[in-house]
file start-v8.pdb (PDB, C-alpha atoms and all ligand atoms)
ATOM      1  CA  MET A 243      10.714   4.976   9.827  1.00  0.00           C
ATOM      2  CA  ASN A 244       7.783   4.667   7.437  1.00  0.00           C
ATOM      3  CA  LEU A 245       7.013   6.922   4.522  1.00  0.00           C
ATOM      4  CA  HIS A 246       3.485   6.606   3.112  1.00  0.00           C
ATOM      5  CA  PHE A 247       2.386   8.071  -0.182  1.00  0.00           C
ATOM      6  CA  MET A 248      -1.156   9.210   0.629  1.00  0.00           C
ATOM      7  CA  GLY A 249      -1.653  10.959  -2.702  1.00  0.00           C
ATOM      8  CA  ALA A 250       0.040  11.945  -5.949  1.00  0.00           C
ATOM      9  CA  ALA A 251       1.099   8.342  -6.482  1.00  0.00           C
ATOM     10  CA  GLN A 252       0.972   7.466 -10.194  1.00  0.00           C
ATOM     11  CA  GLU A 253      -0.656  10.867 -10.715  1.00  0.00           C
ATOM     12  CA  VAL A 254       0.390  14.460 -10.148  1.00  0.00           C
ATOM     13  CA  THR A 255      -2.304  15.926  -7.897  1.00  0.00           C
ATOM     14  CA  GLY A 256      -3.330  15.308  -4.301  1.00  0.00           C
ATOM     15  CA  SER A 257       0.218  15.530  -2.988  1.00  0.00           C
ATOM     16  CA  CYS A 258       0.338  14.151   0.546  1.00  0.00           C
ATOM     17  CA  TYR A 259       3.081  12.228   2.277  1.00  0.00           C
ATOM     18  CA  LEU A 260       2.867  10.797   5.751  1.00  0.00           C
ATOM     19  CA  MET A 261       6.072  10.228   7.674  1.00  0.00           C
ATOM     20  CA  GLU A 262       6.002   8.085  10.782  1.00  0.00           C
ATOM     21  CA  THR A 263       9.102   7.839  12.884  1.00  0.00           C
ATOM     22  CA  LYS A 264       9.795   7.359  16.579  1.00  0.00           C
ATOM     23  CA  GLY A 265       6.204   7.907  17.604  1.00  0.00           C
ATOM     24  CA  LEU A 266       6.093  11.073  15.524  1.00  0.00           C
ATOM     25  CA  ARG A 267       3.765  11.617  12.573  1.00  0.00           C
ATOM     26  CA  PHE A 268       3.919  14.491  10.166  1.00  0.00           C
ATOM     27  CA  LEU A 269       2.716  15.304   6.681  1.00  0.00           C
ATOM     28  CA  VAL A 270       4.432  16.927   3.775  1.00  0.00           C
ATOM     29  CA  ASP A 271       1.648  18.645   1.813  1.00  0.00           C
ATOM     30  CA  CYS A 272      -2.055  17.941   2.027  1.00  0.00           C
ATOM     31  CA  GLY A 273      -3.291  18.578  -1.473  1.00  0.00           C
ATOM     32  CA  MET A 274      -6.549  18.264  -3.303  1.00  0.00           C
ATOM     33  CA  VAL A 275      -7.026  15.791  -6.128  1.00  0.00           C
ATOM     34  CA  GLN A 276      -7.796  17.763  -9.252  1.00  0.00           C
ATOM     35  CA  GLY A 277      -9.080  16.723 -12.653  1.00  0.00           C
ATOM     36  CA  GLY A 278     -11.233  13.796 -13.673  1.00  0.00           C
ATOM     37  CA  ARG A 279     -14.740  12.787 -12.690  1.00  0.00           C
ATOM     38  CA  GLU A 280     -13.641  10.941  -9.588  1.00  0.00           C
ATOM     39  CA  ALA A 281     -11.756  13.858  -8.059  1.00  0.00           C
ATOM     40  CA  PRO A 282     -14.673  15.331  -6.026  1.00  0.00           C
ATOM     41  CA  ALA A 283     -15.527  11.950  -4.491  1.00  0.00           C
ATOM     42  CA  ARG A 284     -11.894  11.199  -3.757  1.00  0.00           C
ATOM     43  CA  ASN A 285     -11.454  14.525  -1.988  1.00  0.00           C
ATOM     44  CA  ARG A 286     -14.431  13.653   0.208  1.00  0.00           C
ATOM     45  CA  GLN A 287     -13.033  10.322   1.295  1.00  0.00           C
ATOM     46  CA  PRO A 288     -11.781  10.218   4.873  1.00  0.00           C
ATOM     47  CA  PHE A 289      -8.048  10.554   5.248  1.00  0.00           C
ATOM     48  CA  GLY A 290      -6.156   7.277   5.407  1.00  0.00           C
ATOM     49  CA  PHE A 291      -4.735   8.336   8.775  1.00  0.00           C
ATOM     50  CA  ASP A 292      -5.978   9.893  11.993  1.00  0.00           C
ATOM     51  CA  ALA A 293      -5.738  13.667  11.565  1.00  0.00           C
ATOM     52  CA  LYS A 294      -5.744  14.129  15.338  1.00  0.00           C
ATOM     53  CA  LYS A 295      -2.450  12.222  15.544  1.00  0.00           C
ATOM     54  CA  ILE A 296      -0.540  14.343  13.047  1.00  0.00           C
ATOM     55  CA  ASP A 297       2.026  16.459  14.896  1.00  0.00           C
ATOM     56  CA  PHE A 298       2.717  19.025  12.192  1.00  0.00           C
ATOM     57  CA  VAL A 299       2.643  19.678   8.467  1.00  0.00           C
ATOM     58  CA  LEU A 300       5.416  20.884   6.170  1.00  0.00           C
ATOM     59  CA  LEU A 301       4.037  22.552   3.060  1.00  0.00           C
ATOM     60  CA  THR A 302       6.095  22.838  -0.125  1.00  0.00           C
ATOM     61  CA  HIS A 303       3.967  25.461  -1.871  1.00  0.00           C
ATOM     62  CA  ALA A 304       0.525  26.976  -2.232  1.00  0.00           C
ATOM     63  CA  HIS A 305      -0.868  25.267  -5.325  1.00  0.00           C
ATOM     64  CA  ILE A 306      -4.181  23.685  -4.385  1.00  0.00           C
ATOM     65  CA  ASP A 307      -3.060  20.198  -5.353  1.00  0.00           C
ATOM     66  CA  HIS A 308      -0.511  20.532  -2.540  1.00  0.00           C
ATOM     67  CA  SER A 309      -2.431  22.630   0.002  1.00  0.00           C
ATOM     68  CA  GLY A 310      -6.127  22.331  -0.837  1.00  0.00           C
ATOM     69  CA  LEU A 311      -7.121  19.802   1.827  1.00  0.00           C
ATOM     70  CA  LEU A 312      -5.426  21.525   4.757  1.00  0.00           C
ATOM     71  CA  PRO A 313      -8.757  22.952   6.005  1.00  0.00           C
ATOM     72  CA  LYS A 314     -10.225  19.444   5.764  1.00  0.00           C
ATOM     73  CA  LEU A 315      -7.331  18.266   7.924  1.00  0.00           C
ATOM     74  CA  THR A 316      -8.198  20.930  10.500  1.00  0.00           C
ATOM     75  CA  ARG A 317     -11.860  19.970  10.299  1.00  0.00           C
ATOM     76  CA  ALA A 318     -10.849  16.350  10.966  1.00  0.00           C
ATOM     77  CA  GLY A 319      -9.127  17.313  14.194  1.00  0.00           C
ATOM     78  CA  PHE A 320      -5.594  18.329  13.280  1.00  0.00           C
ATOM     79  CA  LYS A 321      -4.390  20.904  15.814  1.00  0.00           C
ATOM     80  CA  GLY A 322      -0.693  21.258  15.027  1.00  0.00           C
ATOM     81  CA  PRO A 323       1.298  23.885  13.172  1.00  0.00           C
ATOM     82  CA  ILE A 324       1.631  24.100   9.399  1.00  0.00           C
ATOM     83  CA  TYR A 325       5.126  25.285   8.506  1.00  0.00           C
ATOM     84  CA  THR A 326       5.766  26.952   5.190  1.00  0.00           C
ATOM     85  CA  THR A 327       7.484  29.996   3.706  1.00  0.00           C
ATOM     86  CA  SER A 328       6.073  33.456   4.319  1.00  0.00           C
ATOM     87  CA  ALA A 329       5.131  33.947   0.645  1.00  0.00           C
ATOM     88  CA  THR A 330       3.247  30.646   0.671  1.00  0.00           C
ATOM     89  CA  ALA A 331       1.518  31.658   3.895  1.00  0.00           C
ATOM     90  CA  ASP A 332       0.383  34.861   2.190  1.00  0.00           C
ATOM     91  CA  LEU A 333      -0.877  32.938  -0.840  1.00  0.00           C
ATOM     92  CA  LEU A 334      -2.779  30.489   1.370  1.00  0.00           C
ATOM     93  CA  GLY A 335      -4.621  33.454   2.877  1.00  0.00           C
ATOM     94  CA  VAL A 336      -6.151  34.047  -0.536  1.00  0.00           C
ATOM     95  CA  MET A 337      -6.334  30.593  -2.072  1.00  0.00           C
ATOM     96  CA  LEU A 338      -7.847  28.547   0.752  1.00  0.00           C
ATOM     97  CA  PRO A 339     -10.755  30.943   1.421  1.00  0.00           C
ATOM     98  CA  ASP A 340     -11.369  30.977  -2.332  1.00  0.00           C
ATOM     99  CA  SER A 341     -11.432  27.169  -2.341  1.00  0.00           C
ATOM    100  CA  ALA A 342     -13.868  27.153   0.598  1.00  0.00           C
ATOM    101  CA  HIS A 343     -16.083  29.666  -1.176  1.00  0.00           C
ATOM    102  CA  ILE A 344     -16.206  27.476  -4.289  1.00  0.00           C
ATOM    103  CA  GLN A 345     -17.145  24.449  -2.220  1.00  0.00           C
ATOM    104  CA  GLU A 346     -19.826  26.262  -0.255  1.00  0.00           C
ATOM    105  CA  ALA A 347     -21.293  27.596  -3.508  1.00  0.00           C
ATOM    106  CA  ASP A 348     -21.208  24.113  -5.082  1.00  0.00           C
ATOM    107  CA  ALA A 349     -22.889  22.650  -2.003  1.00  0.00           C
ATOM    108  CA  GLU A 350     -25.606  25.296  -2.109  1.00  0.00           C
ATOM    109  CA  ARG A 351     -26.197  24.582  -5.780  1.00  0.00           C
ATOM    110  CA  ALA A 352     -26.401  20.849  -5.052  1.00  0.00           C
ATOM    111  CA  LYS A 353     -28.965  21.497  -2.324  1.00  0.00           C
ATOM    112  CA  ARG A 354     -31.139  23.512  -4.695  1.00  0.00           C
ATOM    113  CA  ARG A 355     -30.969  20.745  -7.282  1.00  0.00           C
ATOM    114  CA  SER A 356     -31.863  18.225  -4.621  1.00  0.00           C
ATOM    115  CA  ARG A 357     -34.901  20.273  -3.575  1.00  0.00           C
ATOM    116  CA  ARG A 358     -36.034  20.214  -7.206  1.00  0.00           C
ATOM    117  CA  GLY A 359     -35.826  16.421  -7.103  1.00  0.00           C
ATOM    118  CA  LYS A 360     -32.796  16.139  -9.325  1.00  0.00           C
ATOM    119  CA  THR A 361     -30.083  13.691  -8.476  1.00  0.00           C
ATOM    120  CA  THR A 362     -27.014  15.451  -7.254  1.00  0.00           C
ATOM    121  CA  ALA A 363     -23.641  14.959  -5.681  1.00  0.00           C
ATOM    122  CA  ALA A 364     -23.085  15.277  -1.922  1.00  0.00           C
ATOM    123  CA  SER A 365     -24.483  18.587  -0.743  1.00  0.00           C
ATOM    124  CA  ALA A 366     -22.116  19.328   2.130  1.00  0.00           C
ATOM    125  CA  PRO A 367     -18.904  21.219   1.431  1.00  0.00           C
ATOM    126  CA  ILE A 368     -15.673  19.361   2.139  1.00  0.00           C
ATOM    127  CA  TYR A 369     -14.811  22.279   4.378  1.00  0.00           C
ATOM    128  CA  THR A 370     -16.242  25.665   5.129  1.00  0.00           C
ATOM    129  CA  MET A 371     -14.922  29.189   5.412  1.00  0.00           C
ATOM    130  CA  GLN A 372     -14.845  28.731   9.187  1.00  0.00           C
ATOM    131  CA  ASP A 373     -12.654  25.617   8.819  1.00  0.00           C
ATOM    132  CA  THR A 374     -10.358  27.626   6.580  1.00  0.00           C
ATOM    133  CA  ARG A 375     -10.066  30.489   9.067  1.00  0.00           C
ATOM    134  CA  GLU A 376      -9.104  28.011  11.783  1.00  0.00           C
ATOM    135  CA  CYS A 377      -6.620  26.320   9.461  1.00  0.00           C
ATOM    136  CA  LEU A 378      -4.956  29.610   8.542  1.00  0.00           C
ATOM    137  CA  ARG A 379      -4.380  30.313  12.230  1.00  0.00           C
ATOM    138  CA  GLN A 380      -2.229  27.153  12.302  1.00  0.00           C
ATOM    139  CA  VAL A 381       0.092  28.399   9.547  1.00  0.00           C
ATOM    140  CA  GLN A 382       3.545  29.483  10.705  1.00  0.00           C
ATOM    141  CA  ALA A 383       5.947  31.116   8.302  1.00  0.00           C
ATOM    142  CA  VAL A 384       9.608  30.172   8.244  1.00  0.00           C
ATOM    143  CA  GLY A 385      12.399  31.794   6.288  1.00  0.00           C
ATOM    144  CA  TYR A 386      14.231  30.317   3.336  1.00  0.00           C
ATOM    145  CA  ASP A 387      17.523  28.676   4.270  1.00  0.00           C
ATOM    146  CA  ASP A 388      16.962  28.881   8.026  1.00  0.00           C
ATOM    147  CA  LYS A 389      17.281  25.612   9.885  1.00  0.00           C
ATOM    148  CA  HIS A 390      14.113  25.039  11.804  1.00  0.00           C
ATOM    149  CA  ASP A 391      13.199  22.375  14.357  1.00  0.00           C
ATOM    150  CA  PRO A 392       9.491  21.574  14.189  1.00  0.00           C
ATOM    151  CA  HIS A 393      10.118  18.821  16.738  1.00  0.00           C
ATOM    152  CA  PRO A 394      13.142  17.904  18.882  1.00  0.00           C
ATOM    153  CA  ALA A 395      13.774  14.893  16.635  1.00  0.00           C
ATOM    154  CA  VAL A 396      13.320  16.717  13.332  1.00  0.00           C
ATOM    155  CA  ARG A 397      15.160  19.559  11.646  1.00  0.00           C
ATOM    156  CA  CYS A 398      14.134  21.052   8.319  1.00  0.00           C
ATOM    157  CA  ARG A 399      15.210  23.735   5.914  1.00  0.00           C
ATOM    158  CA  PHE A 400      13.121  25.331   3.174  1.00  0.00           C
ATOM    159  CA  ARG A 401      15.133  25.976   0.037  1.00  0.00           C
ATOM    160  CA  ASP A 402      14.016  28.041  -2.922  1.00  0.00           C
ATOM    161  CA  ALA A 403      12.473  25.733  -5.527  1.00  0.00           C
ATOM    162  CA  GLY A 404      11.774  28.275  -8.272  1.00  0.00           C
ATOM    163  CA  HIS A 405       8.368  26.747  -9.007  1.00  0.00           C
ATOM    164  CA  ILE A 406       5.941  29.468  -7.846  1.00  0.00           C
ATOM    165  CA  LEU A 407       6.477  32.285  -5.377  1.00  0.00           C
ATOM    166  CA  GLY A 408       7.183  30.808  -1.978  1.00  0.00           C
ATOM    167  CA  SER A 409       7.755  27.301  -3.294  1.00  0.00           C
ATOM    168  CA  ALA A 410      10.304  25.218  -1.492  1.00  0.00           C
ATOM    169  CA  ILE A 411      12.335  22.102  -1.676  1.00  0.00           C
ATOM    170  CA  ILE A 412      12.287  20.937   1.923  1.00  0.00           C
ATOM    171  CA  GLU A 413      15.250  19.212   3.422  1.00  0.00           C
ATOM    172  CA  VAL A 414      14.284  17.174   6.448  1.00  0.00           C
ATOM    173  CA  TRP A 415      16.755  15.658   8.842  1.00  0.00           C
ATOM    174  CA  ILE A 416      15.531  12.924  11.107  1.00  0.00           C
ATOM    175  CA  THR A 417      17.828  10.942  13.347  1.00  0.00           C
ATOM    176  CA  GLU A 418      17.499   7.913  11.121  1.00  0.00           C
ATOM    177  CA  SER A 419      17.885   9.436   7.683  1.00  0.00           C
ATOM    178  CA  ASP A 420      17.750  12.547   5.538  1.00  0.00           C
ATOM    179  CA  ILE A 421      14.688  13.159   3.450  1.00  0.00           C
ATOM    180  CA  PHE A 422      14.156  15.651   0.708  1.00  0.00           C
ATOM    181  CA  TRP A 423      10.877  16.915  -0.683  1.00  0.00           C
ATOM    182  CA  ALA A 424      10.395  18.943  -3.789  1.00  0.00           C
ATOM    183  CA  PRO A 425       7.394  20.405  -5.574  1.00  0.00           C
ATOM    184  CA  PRO A 426       7.072  19.600  -9.259  1.00  0.00           C
ATOM    185  CA  LEU A 427       9.647  21.549 -11.185  1.00  0.00           C
ATOM    186  CA  SER A 428       9.176  21.941 -14.884  1.00  0.00           C
ATOM    187  CA  ARG A 429      12.306  21.928 -16.982  1.00  0.00           C
ATOM    188  CA  SER A 430      11.409  25.142 -18.755  1.00  0.00           C
ATOM    189  CA  GLY A 431       8.448  26.633 -16.912  1.00  0.00           C
ATOM    190  CA  SER A 432      10.044  27.787 -13.677  1.00  0.00           C
ATOM    191  CA  LEU A 433      10.004  31.452 -12.797  1.00  0.00           C
ATOM    192  CA  LYS A 434      13.032  32.991 -14.447  1.00  0.00           C
ATOM    193  CA  ALA A 435      13.619  35.345 -11.510  1.00  0.00           C
ATOM    194  CA  VAL A 436      13.726  32.570  -8.958  1.00  0.00           C
ATOM    195  CA  ARG A 437      16.556  30.153  -9.373  1.00  0.00           C
ATOM    196  CA  PRO A 438      16.301  26.770  -7.680  1.00  0.00           C
ATOM    197  CA  GLN A 439      19.055  26.311  -5.192  1.00  0.00           C
ATOM    198  CA  ARG A 440      21.417  23.437  -5.056  1.00  0.00           C
ATOM    199  CA  SER A 441      20.882  21.352  -2.021  1.00  0.00           C
ATOM    200  CA  CYS A 442      22.736  18.864   0.070  1.00  0.00           C
ATOM    201  CA  SER A 443      22.793  15.132  -0.411  1.00  0.00           C
ATOM    202  CA  ALA A 444      19.974  13.090   1.061  1.00  0.00           C
ATOM    203  CA  GLY A 445      19.455   9.463   1.938  1.00  0.00           C
ATOM    204  CA  ILE A 446      16.044   9.266   0.291  1.00  0.00           C
ATOM    205  CA  TRP A 447      14.542  11.423  -2.405  1.00  0.00           C
ATOM    206  CA  ALA A 448      10.793  11.913  -2.434  1.00  0.00           C
ATOM    207  CA  SER A 449      10.594  13.840  -5.638  1.00  0.00           C
ATOM    208  CA  GLN A 450       7.899  15.123  -7.930  1.00  0.00           C
ATOM    209  CA  GLY A 451      10.202  16.563 -10.522  1.00  0.00           C
ATOM    210  CA  ASP A 452       8.821  16.166 -14.040  1.00  0.00           C
ATOM    211  CA  GLN A 453       5.364  15.530 -12.596  1.00  0.00           C
ATOM    212  CA  SER A 454       6.089  12.115 -11.233  1.00  0.00           C
ATOM    213  CA  CYS A 455       6.635  10.645  -7.859  1.00  0.00           C
ATOM    214  CA  ALA A 456       9.680   8.607  -7.057  1.00  0.00           C
ATOM    215  CA  ILE A 457      12.059   7.581  -4.354  1.00  0.00           C
ATOM    216  CA  ARG A 458      15.581   7.419  -5.582  1.00  0.00           C
ATOM    217  CA  PRO A 459      18.738   6.296  -3.899  1.00  0.00           C
ATOM    218  CA  SER A 460      21.058   9.064  -2.823  1.00  0.00           C
ATOM    219  CA  SER A 461      23.634   8.105  -5.406  1.00  0.00           C
ATOM    220  CA  ARG A 462      21.448   9.615  -8.136  1.00  0.00           C
ATOM    221  CA  ARG A 463      21.224  13.362  -8.354  1.00  0.00           C
ATOM    222  CA  PRO A 464      17.821  14.885  -9.185  1.00  0.00           C
ATOM    223  CA  THR A 465      17.680  16.775 -12.456  1.00  0.00           C
ATOM    224  CA  PHE A 466      17.062  20.117 -10.739  1.00  0.00           C
ATOM    225  CA  CYS A 467      20.017  19.905  -8.405  1.00  0.00           C
TER     226      CYS A 467
HETATM  227 ZN    ZN B 501       2.749  23.412  -7.997  1.00  0.00          ZN
END
call {"tool": "encode", "arguments": {"input": "start-v8.pdb", "output": "C-alpha cells", "more": "lines below"}}
Ligand SMILES: [Zn+2]
result
Amino acid sequence: MNLHFMGAAQEVTGSCYLMETKGLRFLVDCGMVQGGREAPARNRQPFGFDAKKIDFVLLTHAHIDHSGLLPKLTRAGFKGPIYTTSATADLLGVMLPDSAHIQEADAERAKRRSRRGKTTAASAPIYTMQDTRECLRQVQAVGYDDKHDPHPAVRCRFRDAGHILGSAIIEVWITESDIFWAPPLSRSGSLKAVRPQRSCSAGIWASQGDQSCAIRPSSRRPTFC
C-alpha cells in the first residue's frame, strides 16, 4: 500500500492524497493551491498521476483548496465517482461553477491583454463550465455515519468534522490497514452547532489538524478526537 501526498505537503492548500493498494487507486481530495504568486502556475501543472487510472475520489469538504481541481481531474480523463456528503455535494454545485466562471473570465482577460501585445499568463482556463458540469455529474452523496463500500476492497465512513457544513473526517478501511482523513480543524473556529464526532482508532493518521499535514502512529490520539 502506498500513500502519496500530492499536495498540501508543508503547506495548507492543494489537498490531494493518492492511495494505491492492490491495483486500486483513489484520491482523497483534489484541491486547488491558493495564495502566492506561484499558485496559478502550480494549478496548471499536469497531475503527478494518470487521472484515467483513478478509480474514485473521497472528498472531505467543499473548500476550494480541497475540491477546486476536481473539474480538472474530469477534464484529464477521470470517469469515476466522487463520494462526499450531501451538504458538500450541494456546496460543490455552487462553488465549482463559480470557480470555472472565474477562470474563464481570467482567461478572457488574458486573451485581451495578449491581443494588445502585453505579456500575460496562460490564456486557457484550467477548466471550463462544461468540465464542471461533467464533474458534478460524477458526485455521489453519502450519509454521515453510514458505512459505504466504494470498491469491494474498501469501506469508508464519513463522520461529522465540524469544520464547515458537510465537512467530514473519513474513515477508510482497506484490507491492509485503517486510514483516517480529516479536514483542517481549527481549535476555536469550528462551527459551534456542529460537534466533531469521536472516531475509531486507525493504523495511520493522515491529518491536517492545525493546518499541517502529518502521519502519526495509531498510539497517538489526534487533538480533535
Ligand atoms: Zn476547509
call {"tool": "residues_near_point", "arguments": {"input": "start-v8.pdb", "point": "(-17.7, 25.9, 9.6)", "cutoff": "12 Å", "atoms": "all atoms listed in the file", "output": "list in words"}}
result
Pro313, Lys314, Thr316, Arg317, Ala318, Pro339, Ala342, His343, Gln345, Glu346, Ala366, Pro367, Ile368, Tyr369, Thr370, Met371, Gln372, Asp373, Thr374, Arg375, Glu376 and Cys377 of chain A
call {"tool": "closest_residue", "arguments": {"input": "start-v8.pdb", "among": "A:His308, A:His303, A:Arg286, A:Arg279", "to": "Tyr259 (chain A)", "atoms": "only C-alpha atoms"}}
result
A:His308
call {"tool": "axis_aligned_box", "arguments": {"input": "start-v8.pdb", "around": "region 244-249 of chain A", "padding_each_side": "5 Å", "output": "lines of an AutoDock Vina configuration file"}}
result
center_x = 3.1
center_y = 7.8
center_z = 2.4
size_x = 19.4
size_y = 16.3
size_z = 20.1
call {"tool": "closest_residue", "arguments": {"input": "start-v8.pdb", "among": "A:Asp388, A:Glu350, A:Asp271, A:Asp340", "to": "ligand ZN 501 (chain B)", "atoms": "all atoms listed in the file"}}
result
A:Asp271
call {"tool": "atom_distance", "arguments": {"input": "start-v8.pdb", "atom1": "CA of Gly273 (chain A)", "atom2": "CA of Leu338 (chain A)"}}
result
11.2 Å
call {"tool": "resolve_selection", "arguments": {"input": "start-v8.pdb", "expression": "the PyMOL selection byres (((chain A and resi 386) around 6) and not hetatm)", "output": "VMD selection string"}}
result
chain A and resid 385 387 to 388 400 to 401
call {"tool": "write_last_selection", "arguments": {"input": "start-v8.pdb", "atoms": "C-alpha atoms", "output": "PDB file, in the frame of the given file"}}
result
ATOM      1  CA  GLY A 385      12.399  31.794   6.288  1.00  0.00           C
ATOM      2  CA  ASP A 387      17.523  28.676   4.270  1.00  0.00           C
ATOM      3  CA  ASP A 388      16.962  28.881   8.026  1.00  0.00           C
ATOM      4  CA  PHE A 400      13.121  25.331   3.174  1.00  0.00           C
ATOM      5  CA  ARG A 401      15.133  25.976   0.037  1.00  0.00           C
TER       6      ARG A 401
END
call {"tool": "resolve_selection", "arguments": {"input": "start-v8.pdb", "expression": "the PyMOL selection byres (((chain A and resi 302) around 10) and not hetatm)", "output": "NGL selection string"}}
result
:A and (257 or 270-272 or 299-301 or 303-305 or 308-309 or 325-327 or 330 or 400-403 or 405 or 408-412 or 423-426)
call {"tool": "residues_around", "arguments": {"input": "start-v8.pdb", "residues": "His390 (chain A)", "least_positions_apart": "5", "cutoff": "7 Å", "atoms": "only C-alpha atoms", "output": "ChimeraX atom specification"}}
result
/A:397-399
call {"tool": "closest_residue", "arguments": {"input": "start-v8.pdb", "among": "A:Val336, A:Ile416, A:Ile296, A:Val396", "to": "Lys321 (chain A)", "atoms": "only C-alpha atoms"}}
result
A:Ile296
call {"tool": "residues_around", "arguments": {"input": "start-v8.pdb", "residues": "Asp292 (chain A)", "least_positions_apart": "4", "cutoff": "10 Å", "atoms": "only C-alpha atoms", "output": "VMD selection string"}}
result
chain A and resid 267 288 296 315 318 to 320
call {"tool": "residues_around", "arguments": {"input": "start-v8.pdb", "residues": "Ala395 (chain A)", "least_positions_apart": "3", "cutoff": "9 Å", "atoms": "only C-alpha atoms", "output": "list in words"}}
result
Lys264, Leu266, Asp391, Pro392, Trp415, Ile416 and Thr417 of chain A
call {"tool": "atom_distance", "arguments": {"input": "start-v8.pdb", "atom1": "CA of Gly278 (chain A)", "atom2": "CA of Met261 (chain A)"}}
result
27.7 Å
call {"tool": "closest_residue", "arguments": {"input": "start-v8.pdb", "among": "A:Asn285, A:Ile306, A:Gly265, A:Pro323", "to": "ligand ZN 501 (chain B)", "atoms": "only C-alpha atoms and all ligand atoms"}}
result
A:Ile306
call {"tool": "closest_residue", "arguments": {"input": "start-v8.pdb", "among": "A:Leu269, A:Met274, A:Ile344, A:Leu260", "to": "ligand ZN 501 (chain B)", "atoms": "only C-alpha atoms and all ligand atoms"}}
result
A:Met274
call {"tool": "atom_distance", "arguments": {"input": "start-v8.pdb", "atom1": "CA of Arg379 (chain A)", "atom2": "CA of Leu334 (chain A)"}}
result
11.0 Å
call {"tool": "closest_residue", "arguments": {"input": "start-v8.pdb", "among": "A:Ala283, A:Val414, A:Ile406, A:Arg357", "to": "ligand ZN 501 (chain B)", "atoms": "only C-alpha atoms and all ligand atoms"}}
result
A:Ile406
call {"tool": "build_atoms", "arguments": {"input": "start-v8.pdb", "residues": "region 398-416 of chain A", "atoms": "N, CA and C atoms", "output": "mmCIF file, keeping the file's coordinate frame"}}
result
data_model
loop_
_atom_site.group_PDB
_atom_site.id
_atom_site.type_symbol
_atom_site.label_atom_id
_atom_site.label_comp_id
_atom_site.auth_asym_id
_atom_site.auth_seq_id
_atom_site.Cartn_x
_atom_site.Cartn_y
_atom_site.Cartn_z
ATOM 1 N N CYS A 398 14.425 20.877 9.738
ATOM 2 C CA CYS A 398 14.134 21.052 8.319
ATOM 3 C C CYS A 398 14.660 22.397 7.837
ATOM 4 N N ARG A 399 14.758 22.487 6.525
ATOM 5 C CA ARG A 399 15.210 23.735 5.914
ATOM 6 C C ARG A 399 14.483 23.890 4.575
ATOM 7 N N PHE A 400 13.843 25.034 4.404
ATOM 8 C CA PHE A 400 13.121 25.331 3.174
ATOM 9 C C PHE A 400 14.081 26.023 2.212
ATOM 10 N N ARG A 401 14.213 25.433 1.042
ATOM 11 C CA ARG A 401 15.133 25.976 0.037
ATOM 12 C C ARG A 401 14.337 26.397 -1.194
ATOM 13 N N ASP A 402 14.755 27.476 -1.792
ATOM 14 C CA ASP A 402 14.016 28.041 -2.922
ATOM 15 C C ASP A 402 13.916 27.038 -4.075
ATOM 16 N N ALA A 403 12.671 26.727 -4.475
ATOM 17 C CA ALA A 403 12.473 25.733 -5.527
ATOM 18 C C ALA A 403 12.289 26.350 -6.906
ATOM 19 N N GLY A 404 11.939 27.639 -6.965
ATOM 20 C CA GLY A 404 11.774 28.275 -8.272
ATOM 21 C C GLY A 404 10.573 27.770 -9.040
ATOM 22 N N HIS A 405 9.564 27.288 -8.350
ATOM 23 C CA HIS A 405 8.368 26.747 -9.007
ATOM 24 C C HIS A 405 7.295 27.827 -9.074
ATOM 25 N N ILE A 406 6.758 28.252 -7.940
ATOM 26 C CA ILE A 406 5.941 29.468 -7.846
ATOM 27 C C ILE A 406 6.494 30.264 -6.672
ATOM 28 N N LEU A 407 6.009 31.483 -6.506
ATOM 29 C CA LEU A 407 6.477 32.285 -5.377
ATOM 30 C C LEU A 407 6.277 31.515 -4.077
ATOM 31 N N GLY A 408 7.274 31.490 -3.271
ATOM 32 C CA GLY A 408 7.183 30.808 -1.978
ATOM 33 C C GLY A 408 7.454 29.329 -2.026
ATOM 34 N N SER A 409 7.592 28.763 -3.209
ATOM 35 C CA SER A 409 7.755 27.301 -3.294
ATOM 36 C C SER A 409 9.094 26.864 -2.713
ATOM 37 N N ALA A 410 9.099 25.683 -2.175
ATOM 38 C CA ALA A 410 10.304 25.218 -1.492
ATOM 39 C C ALA A 410 10.566 23.737 -1.725
ATOM 40 N N ILE A 411 11.828 23.450 -1.885
ATOM 41 C CA ILE A 411 12.335 22.102 -1.676
ATOM 42 C C ILE A 411 12.597 22.030 -0.172
ATOM 43 N N ILE A 412 12.117 21.008 0.466
ATOM 44 C CA ILE A 412 12.287 20.937 1.923
ATOM 45 C C ILE A 412 13.268 19.820 2.251
ATOM 46 N N GLU A 413 14.329 20.215 2.881
ATOM 47 C CA GLU A 413 15.250 19.212 3.422
ATOM 48 C C GLU A 413 14.780 18.874 4.827
ATOM 49 N N VAL A 414 14.713 17.604 5.120
ATOM 50 C CA VAL A 414 14.284 17.174 6.448
ATOM 51 C C VAL A 414 15.330 16.223 7.007
ATOM 52 N N TRP A 415 15.813 16.548 8.170
ATOM 53 C CA TRP A 415 16.755 15.658 8.842
ATOM 54 C C TRP A 415 16.053 15.004 10.016
ATOM 55 N N ILE A 416 16.055 13.694 9.987
ATOM 56 C CA ILE A 416 15.531 12.924 11.107
ATOM 57 C C ILE A 416 16.703 12.070 11.581
#
